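Quick notes on the structure that follows.
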Amino acid sequence: MPSTFIRLLTCLLLIHTLSWGQTPDNEYNLIPFPARFTGLPGRFTLAPTTRILTTGKDAAQTAAAQLLAGQLKIASGLPVSVVPSTPALAKGKHISFEKHTAGRCGPEGYTLRVTPEGIRVGAETPKGYFYAVQTLMQLFPADVYGATRAETANWSAPACDILDRPRYAYRGLMLDVSRHFMPAEFVKKFIDLLAMHKMNTFHWHLTDDQGWRIEIRKYPKLTQVGSTRKQTLVGHYAQNYPQQYDGTPHEGFYTQAQIKDIVRYAAARHVTIIPEIEMPGHGLAALAAYPELGCNPAKGYEVGTRWGVIRDVYCPSEKTFTFVQDVLTEVMALFPGKYIHIGGDECPKDAWKESDFCQSLMKKLKLKDEDELQSYFIRRVEKFVNSKGRAIIGWDEILEGGLAPNATVMSWRGTAGGIEAAKQKHNVVMTPGAFCYLDAYQAAPATEPLAIGGYLPIEKVYSYEPTPAELTTDQQKYILGVQGNLWTEYIKTPEQVEYMVFPRAVALAEIGWMPAGPRNFEDFAARLKNHLPRFDRLKVNYAKRLLDVRSETQFTGEGQLQVRLSKLDTDSKIYYTVNGRDASSEATEYIGPITLTKTTTVKAVTVPANDKPYAETFYIHRAKGKPYTYATPKAEAADKDRKRLTDGQVAASPRDDRPWVQVYSGNDITLTIDLGEVKPVTKVTASFLKKVMFGVMPPKSVEVALSKEGDSYKEAIAQPINEPLEGPWRIVPVVADFKTARARYVRVTIKNYGNVPVSAENERSGKPASLAVDEVIVE
């Protein structure tokens, strides 16, 4: 582990307001790291005589003090208790709570001073005291988070001086319980983990096409019918063609009594809950319960059994608005916070375009298109919510057709929606999918539990800057904060939720708390490594990706392939093999790039070990690292770096989109590889992806042609592809066997399949197919 001096010096560079003190032997693994921090010499040690002192009749102090005392007593076994402060006790070695009134800390800030002579906690608000306790807990050994007495020999905390407050007022996490229901007790644990990291908002996604999870007494069918789907899609949305289902009902909802209990629980931890009731799209579960709310009641709506955008939506009728107002009235009675989330995302307009009622309504209201009809819907709902003293918040699609006057926007489709909303002087929560969607893979997809797709390692999460540089100083004040989101299409259990959320959410917590300025991931990773034992004590099933081995390749001028291995953790070591044997601490220690001259599988582990050893095969062939060009503009645009098809790394799983060159909308691909000189060519192999439900089809045919000069191609092998479309997604290899040919140029012509087969269940039915190709291996 780096020395404390180096660690704190790094923090000095990354935190503008950090001050310095003598820190001979202390470590401060605080997450999120404080705004102002000074390390001091020595330690404060708990003793049987230690008391927690409060002043006056301050209920906020007492609540925070009792929280601290209870956990210290459980973990240490020491008789720590909360007592009123007296002049005599104030002189002893105790933990003292003090009230600040001068505006020094702000609404969520606190001061914390730890010396060998005692600990002093100061704040102006209940939140401040609570967050001070969260920081103080992190200064004690990780065993303080245990549920039973620990045998830790030294219950002490390193000395320091902290003045802390958050950068953003909004720091949140969203949990989708509609796709897969999560038990009420787990929701409480989820809230505990938010609060532990000083996140103050729990966005609870309670309704969607696949399930209605909140009891509404005026509309009992919402839970009698809408909370249960008859079955669930098997595997990934694109995994099977045709899609398969498990035949098992999935159900669950929260009673109003349970919700009230969870709201109280969250409030005690200073977490505000924002309930989300989706509209006007993502409402199929409600339509199944009350078909008259849809544009085609005779259709026979059923609770959704598969994922994706479903085209049945609420009809903007007076009956629907009465329903929405009744539902939101009960929702607002349960949730006392300012915001009600009304969704507003992914609302297809097909049903509205086909509805005589909707077309007539548009003419009556003089609306030019269905986007303005959606805006009309949102504005009516907002007016009602505002009349109750609340405000709406919605996904950035609520910008379409004109934004409701007082709405707050959650910017998820990148940052453009948030930037536009801030320029219109609307409050914004930044939650772009590329940085904040925690349902993406966090390591090599082939080694991970099934997820929706994408790749979001923790270092990318940590790199996110929520306040867009495009905004002026005045516009930046509309950025309320940042939120991470977990959608649960492929996440069935609380344990899987924890795996996907933590520790990536910890990175978001620090982003939301720390002052603006450069951040140092290496320092964060070092603190995070020492934070993980706290998760162990709390029995959190977090992802152990910090020790994973990663790789990248480059070709040398001598035609060799160099493989560079890396990891996020700076303290562990990498050991590897290239002889097919499993790696261990007895293998070769990785010092620098591994040079390969033939196709080789590299296996590696970190020591201390992670839970997923690394293994990857690198293909050495005549086209490795060679340049190639496209004769098809769409392919050229899809592969700007011109490296993926000859980089020696071959796609290993249909789950992973990163290696593939994907070309959309029915286009062919023609590419030519320059081998540099005339060489023997005996075989050319290319890989193609089949994901019928995503419209990614195997090619109709592949032609491989050879040329010595590049002006004429005399030798060519054309192969029709007869890959059956039915069955699971897979990687389709195509091989052209030349036996004894010689060539400098290899031209590959790939003919698009055409149109996606017509199928009632496929959104891409009848549309032009896409192509996906990976490594072209020349032997």
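Chain identifiers are assigned as A, B, and so on, following the order in which chains appear in the structure tokens; residues are numbered from 1 within each chain, and ligands are numbered from 1 in order of appearance.
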Practice task
Would you please extract all strand (DSSP E or B) residues from stretch 427-570 of chain A, as assigned by DSSP on the backbone, and give them as number ranges by chain?
Solution key: A: 428-430, 437, 441, 455, 479-486, 550-555, 561-566
Practice task
Quick one: everything within 9 Å of stretch 748-758 of chain A, counting only C-alpha atoms, minus sequence neighbours fewer than 2 positions away in the same chain. Send it as JSON, numbers by chain.
Solution key: {"A": [666, 667, 668, 669, 670, 671, 672, 673, 692, 693, 695, 696, 697, 698, 699, 700, 701, 702, 703, 704, 705, 706, 718, 746, 760, 761, 762, 764, 765, 766, 767, 768, 769, 770, 771, 776]}
Same residues, N, CA and C atoms, saved as a compact mmCIF listing (two decimals), in the first residue's frame:
# COMPACT_ATOMS: atom_id res chain seq x y z
N GLY A 666 -29.23 -2.29 -43.63
CA GLY A 666 -29.18 -3.05 -44.87
C GLY A 666 -27.95 -2.87 -45.72
N ASN A 667 -26.90 -2.27 -45.17
CA ASN A 667 -25.70 -2.00 -45.96
C ASN A 667 -24.78 -3.22 -46.05
N ASP A 668 -24.08 -3.34 -47.19
CA ASP A 668 -23.04 -4.35 -47.36
C ASP A 668 -21.72 -3.81 -46.80
N ILE A 669 -20.73 -4.71 -46.71
CA ILE A 669 -19.39 -4.32 -46.28
C ILE A 669 -18.38 -4.87 -47.28
N THR A 670 -17.51 -4.01 -47.77
CA THR A 670 -16.37 -4.45 -48.58
C THR A 670 -15.11 -3.85 -47.99
N LEU A 671 -14.15 -4.70 -47.64
CA LEU A 671 -12.91 -4.22 -47.07
C LEU A 671 -11.73 -4.93 -47.73
N THR A 672 -10.60 -4.23 -47.75
CA THR A 672 -9.38 -4.79 -48.33
C THR A 672 -8.24 -4.65 -47.33
N ILE A 673 -7.59 -5.77 -47.02
CA ILE A 673 -6.46 -5.79 -46.10
C ILE A 673 -5.17 -5.81 -46.92
N VAL A 692 -30.92 -12.15 -34.00
CA VAL A 692 -32.08 -11.89 -34.84
C VAL A 692 -33.03 -10.89 -34.20
N MET A 693 -33.22 -10.97 -32.89
CA MET A 693 -34.16 -10.07 -32.22
C MET A 693 -33.66 -8.63 -32.18
N GLY A 695 -32.09 -7.56 -34.95
CA GLY A 695 -31.93 -7.28 -36.37
C GLY A 695 -30.53 -7.45 -36.89
N VAL A 696 -29.64 -8.07 -36.09
CA VAL A 696 -28.26 -8.36 -36.53
C VAL A 696 -28.27 -9.77 -37.12
N MET A 697 -28.16 -9.83 -38.42
CA MET A 697 -28.34 -11.09 -39.13
C MET A 697 -27.01 -11.59 -39.68
N PRO A 698 -26.86 -12.90 -39.83
CA PRO A 698 -25.69 -13.42 -40.54
C PRO A 698 -25.74 -12.92 -41.99
N PRO A 699 -24.59 -12.82 -42.65
CA PRO A 699 -24.61 -12.32 -44.03
C PRO A 699 -25.31 -13.29 -44.97
N LYS A 700 -25.78 -12.75 -46.09
CA LYS A 700 -26.36 -13.59 -47.14
C LYS A 700 -25.25 -14.39 -47.81
N SER A 701 -24.11 -13.72 -48.03
CA SER A 701 -22.97 -14.40 -48.63
C SER A 701 -21.70 -13.65 -48.29
N VAL A 702 -20.58 -14.35 -48.38
CA VAL A 702 -19.25 -13.75 -48.15
C VAL A 702 -18.34 -14.19 -49.30
N GLU A 703 -17.68 -13.21 -49.91
CA GLU A 703 -16.69 -13.52 -50.95
C GLU A 703 -15.33 -13.03 -50.49
N VAL A 704 -14.34 -13.90 -50.59
CA VAL A 704 -12.95 -13.55 -50.28
C VAL A 704 -12.16 -13.65 -51.57
N ALA A 705 -11.52 -12.55 -51.96
CA ALA A 705 -10.75 -12.52 -53.20
C ALA A 705 -9.32 -12.07 -52.90
N LEU A 706 -8.36 -12.57 -53.68
CA LEU A 706 -6.94 -12.30 -53.46
C LEU A 706 -6.34 -11.59 -54.67
N ALA A 718 -16.51 -17.57 -53.18
CA ALA A 718 -17.79 -17.02 -52.75
C ALA A 718 -18.59 -18.09 -52.04
N VAL A 746 -6.07 -8.81 -49.60
CA VAL A 746 -7.19 -9.71 -49.33
C VAL A 746 -8.45 -8.85 -49.27
N ALA A 760 -44.27 -11.31 -35.44
CA ALA A 760 -45.10 -10.45 -34.59
C ALA A 760 -44.37 -10.01 -33.34
N GLU A 761 -43.43 -10.83 -32.85
CA GLU A 761 -42.77 -10.50 -31.58
C GLU A 761 -41.50 -9.68 -31.76
N ASN A 762 -41.06 -9.46 -33.00
CA ASN A 762 -39.79 -8.78 -33.23
C ASN A 762 -40.03 -7.33 -33.65
N ARG A 764 -38.05 -5.35 -34.88
CA ARG A 764 -37.32 -5.03 -36.11
C ARG A 764 -37.85 -5.82 -37.31
N SER A 765 -38.98 -6.45 -37.13
CA SER A 765 -39.59 -7.26 -38.17
C SER A 765 -39.74 -6.47 -39.47
N GLY A 766 -39.21 -7.04 -40.56
CA GLY A 766 -39.36 -6.43 -41.87
C GLY A 766 -38.43 -5.27 -42.16
N LYS A 767 -37.63 -4.86 -41.20
CA LYS A 767 -36.73 -3.73 -41.40
C LYS A 767 -35.39 -4.20 -41.97
N PRO A 768 -34.62 -3.31 -42.60
CA PRO A 768 -33.31 -3.71 -43.13
C PRO A 768 -32.41 -4.25 -42.03
N ALA A 769 -31.73 -5.34 -42.33
CA ALA A 769 -30.89 -6.01 -41.33
C ALA A 769 -29.57 -5.27 -41.13
N SER A 770 -28.93 -5.57 -40.01
CA SER A 770 -27.59 -5.06 -39.71
C SER A 770 -26.58 -6.19 -39.86
N LEU A 771 -25.32 -5.80 -40.04
CA LEU A 771 -24.20 -6.74 -40.11
C LEU A 771 -23.23 -6.44 -38.98
N VAL A 776 -10.69 -10.62 -39.02
CA VAL A 776 -10.45 -11.33 -40.28
C VAL A 776 -9.06 -11.97 -40.15
Practice task
Find, counting only C-alpha atoms, the residue in A:Thr577, A:Thr740, A:Thr255, A:Asn722 that gets nearest to A:Arg213.
Solution key: A:Thr255
Non-local contacts of A:Lys640 (12 Å; only C-alpha atoms; under 5 positions in same chain excluded) as a CSV table (one decimal) with N, CA and C atoms, in the first residue's frame:
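Once written, around-v4.csv looks like this:
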chain,number,residue,atom,x,y,z
A,628,TYR,N,-6.2,-1.8,-43.2
A,628,TYR,CA,-7.3,-2.2,-44.2
A,628,TYR,C,-8.1,-0.9,-44.5
A,629,THR,N,-8.8,-1.0,-45.6
A,629,THR,CA,-9.6,0.1,-46.1
A,629,THR,C,-11.0,-0.4,-46.4
A,630,TYR,N,-12.0,0.5,-46.5
A,630,TYR,CA,-13.3,0.1,-46.8
A,630,TYR,C,-13.7,0.7,-48.1
A,633,PRO,N,-19.0,3.3,-47.4
A,633,PRO,CA,-18.9,4.4,-46.5
A,633,PRO,C,-19.5,4.1,-45.1
A,634,LYS,N,-20.6,3.4,-45.1
A,634,LYS,CA,-21.2,3.1,-43.8
A,634,LYS,C,-20.3,2.3,-42.9
A,635,ALA,N,-19.5,1.3,-43.5
A,635,ALA,CA,-18.6,0.5,-42.7
A,635,ALA,C,-17.4,1.4,-42.3
A,645,LEU,N,-10.6,-5.2,-36.8
A,645,LEU,CA,-10.6,-6.4,-37.6
A,645,LEU,C,-9.3,-7.1,-37.7
A,661,VAL,N,-17.5,-4.7,-35.5
A,661,VAL,CA,-17.8,-3.6,-36.5
A,661,VAL,C,-19.2,-3.8,-36.9
A,662,GLN,N,-20.1,-2.9,-36.5
A,662,GLN,CA,-21.5,-3.1,-36.8
A,662,GLN,C,-22.0,-2.0,-37.8
Exercise for the section: Apply DSSP to the structure's backbone, then extract all residues of stretch 503-601 of chain A labelled alpha helix (DSSP H) and return them as number ranges by chain. Expected result: A: 504-513, 521-537
Exercise for the section: Would you kindly return, as a list in words, each protein, DNA or RNA residue with an atom no farther than 12 Å from any atom of A:Ala609, considering only C-alpha atoms and excluding same-chain residues fewer than 2 positions away? Expected result: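 Non-adjacent residues within range: Lys544, Arg545, Leu546, Leu547, Asp548, Val549, Lys567, Asp569, Asp571, Ser572, Lys573, Ile574, Tyr575, Ala583, Ser584, Ser585, Ala604, Val605, Thr606, Val607, Asp611, Lys612, Pro613 and Tyr614 of chain A.
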Problem - Nearest residue to A:Pro503 from the set A:Leu293, A:Ala638, A:Ala516, A:Leu193 (distances using only C-alpha atoms) - result: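 Closest to A:Pro503 of all the choices is A:Leu193.
The coordinates place atom CA of A:Asp656 at 19.8 Å from atom CA of A:Lys603.
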Leaving out A:Leu206 and any residue of its chain fewer than 5 positions from it, which residues lie within 12 Å of it when counting only C-alpha atoms, given as a short mmCIF file (atom, residue, chain, number, x, y, z; two decimals) with C-alpha atoms, in the first residue's frame?
data_model
loop_
_atom_site.label_atom_id
_atom_site.label_comp_id
_atom_site.auth_asym_id
_atom_site.auth_seq_id
_atom_site.Cartn_x
_atom_site.Cartn_y
_atom_site.Cartn_z
CA MET A 174 -32.71 4.48 -8.49
CA LEU A 175 -33.95 0.92 -7.99
CA ASP A 176 -36.40 -0.64 -10.44
CA VAL A 177 -38.68 -3.08 -8.63
CA SER A 178 -41.17 -3.37 -11.48
CA ARG A 179 -39.23 -5.79 -13.67
CA HIS A 180 -38.23 -7.89 -10.65
CA PHE A 181 -39.82 -7.30 -7.28
CA MET A 182 -37.51 -6.78 -4.29
CA GLY A 211 -45.50 -4.98 -12.95
CA TRP A 212 -47.40 -2.52 -10.75
CA ARG A 213 -45.85 -2.63 -7.27
CA ILE A 214 -47.74 -0.10 -5.11
CA GLU A 215 -51.12 -0.61 -3.47
CA ILE A 216 -53.69 1.95 -4.63
CA LEU A 222 -53.70 -2.53 -10.05
CA THR A 223 -52.29 -5.04 -7.57
CA GLY A 226 -51.20 -5.55 -12.56
CA SER A 227 -48.72 -6.87 -10.01
CA GLY A 252 -45.22 -8.84 -5.71
CA PHE A 253 -46.27 -5.43 -4.45
CA TYR A 254 -45.89 -3.20 -1.41
CA ILE A 259 -44.50 1.86 2.15
CA ILE A 273 -37.82 8.77 -1.46
CA ILE A 274 -39.01 9.84 -4.90
CA PRO A 275 -41.71 7.46 -6.13
CA GLU A 276 -42.01 6.92 -9.88
CA ILE A 277 -45.39 6.24 -11.47
CA GLU A 278 -44.70 5.84 -15.20
CA MET A 279 -46.82 7.69 -17.77
CA HIS A 282 -44.62 2.03 -19.75
CA GLY A 283 -48.16 1.63 -18.42
CA ALA A 285 -49.55 -3.31 -16.22
CA ALA A 286 -52.16 -0.64 -15.47
CA VAL A 331 -49.05 8.36 -3.78
CA ILE A 340 -43.20 12.91 -7.79
CA HIS A 341 -41.53 11.18 -10.73
CA ILE A 342 -43.92 10.68 -13.65
CA GLY A 343 -41.54 8.93 -16.06
CA TRP A 487 -32.93 -1.43 -14.10
CA THR A 488 -33.71 -5.01 -13.19
#
Exercise for the section: Would you mind listing what lies within 12 Å of A:Lys299 as a ChimeraX atom specification, with only C-alpha atoms counted and same-chain residues fewer than 2 positions away left out? Expected result: /A:284,287-288,290-297,301-302,312,351
Create the file for the chosen residues now, containing C-alpha atoms and written as a short mmCIF file (atom, residue, chain, number, x, y, z; two decimals), in the first residue's frame.
data_model
loop_
_atom_site.label_atom_id
_atom_site.label_comp_id
_atom_site.auth_asym_id
_atom_site.auth_seq_id
_atom_site.Cartn_x
_atom_site.Cartn_y
_atom_site.Cartn_z
CA LEU A 284 -49.11 -1.83 -19.71
CA LEU A 287 -53.88 -1.17 -18.83
CA ALA A 288 -54.11 -4.89 -18.08
CA TYR A 290 -58.10 -1.24 -16.40
CA PRO A 291 -58.27 -1.62 -20.21
CA GLU A 292 -60.46 1.47 -20.58
CA LEU A 293 -57.33 3.59 -19.94
CA GLY A 294 -55.87 2.51 -23.30
CA CYS A 295 -56.68 3.63 -26.82
CA ASN A 296 -57.92 0.15 -27.81
CA PRO A 297 -59.68 -1.45 -24.80
CA TYR A 301 -53.98 -6.03 -22.61
CA GLU A 302 -51.76 -8.31 -20.49
CA ASP A 312 -49.52 0.19 -25.77
CA ALA A 351 -51.49 4.02 -30.59
#
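Between A:Ala615 and the residues A:Met410, A:Val602, A:Leu68, A:Ile310, the shortest atom-to-atom distance, using only C-alpha atoms, involves A:Val602.
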